[in-house]
Amino acid sequence: MRDGPKSIAKSDWLMDTGTMTAEKKPDEDYKFPSSRGVLSAEEIEALLRPKPQQTALEDEFATPKVIEPKQPENFDLQTAKVTPTQERRAQKLAARLAMALGSGTGVKGAITVSECAEIPQTDLAGLLQGKSSAIACIGPSETDIRALVCLPPVLADAIIARACGARGSAGRLGDGWTLSAIDCALLEQLLVPFGAAIHESYKLQAIETDVAYVSSLIPVSQVQVSEYTVEAIGLHSELALIEGESPSDQSDVSAGPQALTSPDVTAVLTARLASLTVPLSRITQLKAGSTLLLGLPADQPVELLSGGRDGRVAFEGRMGRKGKKVALQVTKRIGAFKG
């Protein structure tokens, strides 16, 4: 047979047009011919990529999420704070207790204040349980107890050991160890200076070990608790002083001019949570359940303005409740108050 006419196409025309199979061109990207030329790999990927869903128009507002309301802070349940006068008294009693401990028991150590708090009298039993082995009851008389000095087992054992001529511990500490009647009688003699250390009119009335019984001896609703650390040679312990009513100490009262009283005046205070700018179209769409975000942290303090809505910021506070009413507790003073 005769050969047909020779093709004028080049031998590599498949490679030029890009129709060569991928097996013969493994190192190059596959290209797809089109009317305008050849699509690149990026264009092919863009064509195969799924179309994104259409989003809502910008002027449409999304349905607000359900926000659980935060319970307001209850100011009625807060524990009363210790005043600076009570803290100064605790510091002064630390020095007096150190001298009383050294003169009465011979244990000379440094007593420093570690913590002060004011708690309900009903919490005393749980506070003292398991922490005090000997409790010195101090007051003007046997029927009027004003203060309690609580000694943990380590300190009570060290005092008894020192009185018996030993150093450190008497070696009786352990589970179930309690003070005997002889131990209590010995401590009653050694801790006599503690009464006058608290107040000149007080005396040590008894040494008790029953926590529940002792907790009911102070007839007040709130008691001040001062905790101390005791550091001596070979001794590291604690000491607690519980007072029902701080006695009036003439040395703690500073003479000064009587405070001037001002006549009753009326001032305007405005509580401002935040300022918010909202389009009028949004206002018309508001209904029950709608939510407006203020753009502030949840713990942002509330500002108190003096002199109306356009007044100066005078205080900062926290929102809460007192009884059945909304309340605002002032936490910071910003500037001078102006009515």
# chains A, B, ... in the order shown; residues from 1 in each chain; ligands from 1
>>> residues_around(residues="A:Asp183", least_positions_apart="5", cutoff="10 Å", atoms="only C-alpha atoms", output="PDB file with C-alpha atoms, in the first residue's frame")
ATOM      1  CA  ALA A 134      -6.615  25.038 125.494  1.00  0.00           C
ATOM      2  CA  ALA A 156       0.113  24.297 124.914  1.00  0.00           C
ATOM      3  CA  ASP A 157       2.479  21.308 125.000  1.00  0.00           C
ATOM      4  CA  ILE A 160       3.724  22.652 129.865  1.00  0.00           C
ATOM      5  CA  THR A 178      -6.131  16.035 125.188  1.00  0.00           C
ATOM      6  CA  GLU A 188      -4.353  28.484 134.579  1.00  0.00           C
ATOM      7  CA  ILE A 207      -9.021  27.274 131.105  1.00  0.00           C
TER       8      ILE A 207
END
>>> select_by_dssp(residues="stretch 113-175 of chain A", states="alpha helix (DSSP H)", output="ChimeraX atom specification")
/A:124-128,153-163
>>> atom_distance(atom1="atom CA of A:Thr105", atom2="atom CA of A:Leu187")
8.7 Å
>>> residues_around(residues="A:Val302", least_positions_apart="5", cutoff="12 Å", atoms="only C-alpha atoms", output="number ranges by chain")
A: 270-275, 296-297, 313-320, 327-333
>>> decode(residues="stretch 298-334 of chain A", atoms="C-alpha atoms", output="PDB file, in the first residue's frame")
ATOM      1  CA  ALA A 298     -19.430  42.582  82.799  1.00  0.00           C
ATOM      2  CA  ASP A 299     -17.447  43.829  85.830  1.00  0.00           C
ATOM      3  CA  GLN A 300     -17.265  47.418  84.616  1.00  0.00           C
ATOM      4  CA  PRO A 301     -17.950  49.763  87.572  1.00  0.00           C
ATOM      5  CA  VAL A 302     -20.976  52.032  87.546  1.00  0.00           C
ATOM      6  CA  GLU A 303     -20.246  55.759  87.516  1.00  0.00           C
ATOM      7  CA  LEU A 304     -22.008  58.135  89.888  1.00  0.00           C
ATOM      8  CA  LEU A 305     -22.425  61.654  88.540  1.00  0.00           C
ATOM      9  CA  SER A 306     -22.951  64.638  90.819  1.00  0.00           C
ATOM     10  CA  GLY A 307     -25.296  67.332  89.588  1.00  0.00           C
ATOM     11  CA  GLY A 308     -27.435  65.421  87.090  1.00  0.00           C
ATOM     12  CA  ARG A 309     -26.733  63.606  83.826  1.00  0.00           C
ATOM     13  CA  ASP A 310     -24.224  66.220  82.688  1.00  0.00           C
ATOM     14  CA  GLY A 311     -22.432  66.397  86.024  1.00  0.00           C
ATOM     15  CA  ARG A 312     -18.933  65.277  86.931  1.00  0.00           C
ATOM     16  CA  VAL A 313     -18.021  61.707  87.843  1.00  0.00           C
ATOM     17  CA  ALA A 314     -17.728  61.692  91.638  1.00  0.00           C
ATOM     18  CA  PHE A 315     -17.750  57.995  92.579  1.00  0.00           C
ATOM     19  CA  GLU A 316     -17.521  54.496  91.158  1.00  0.00           C
ATOM     20  CA  GLY A 317     -19.502  51.562  92.515  1.00  0.00           C
ATOM     21  CA  ARG A 318     -20.927  48.089  91.995  1.00  0.00           C
ATOM     22  CA  MET A 319     -24.532  47.198  91.252  1.00  0.00           C
ATOM     23  CA  GLY A 320     -26.277  44.825  93.639  1.00  0.00           C
ATOM     24  CA  ARG A 321     -29.247  44.569  95.911  1.00  0.00           C
ATOM     25  CA  LYS A 322     -29.993  45.251  99.532  1.00  0.00           C
ATOM     26  CA  GLY A 323     -33.148  43.670 100.789  1.00  0.00           C
ATOM     27  CA  LYS A 324     -35.727  43.972  98.014  1.00  0.00           C
ATOM     28  CA  LYS A 325     -34.265  47.098  96.405  1.00  0.00           C
ATOM     29  CA  VAL A 326     -31.546  47.750  93.834  1.00  0.00           C
ATOM     30  CA  ALA A 327     -28.433  49.144  95.529  1.00  0.00           C
ATOM     31  CA  LEU A 328     -25.102  50.639  94.509  1.00  0.00           C
ATOM     32  CA  GLN A 329     -22.044  50.095  96.705  1.00  0.00           C
ATOM     33  CA  VAL A 330     -19.419  52.836  96.370  1.00  0.00           C
ATOM     34  CA  THR A 331     -15.943  51.390  95.774  1.00  0.00           C
ATOM     35  CA  LYS A 332     -13.904  54.428  94.744  1.00  0.00           C
ATOM     36  CA  ARG A 333     -14.035  58.178  95.063  1.00  0.00           C
ATOM     37  CA  ILE A 334     -13.012  60.020  91.901  1.00  0.00           C
TER      38      ILE A 334
END
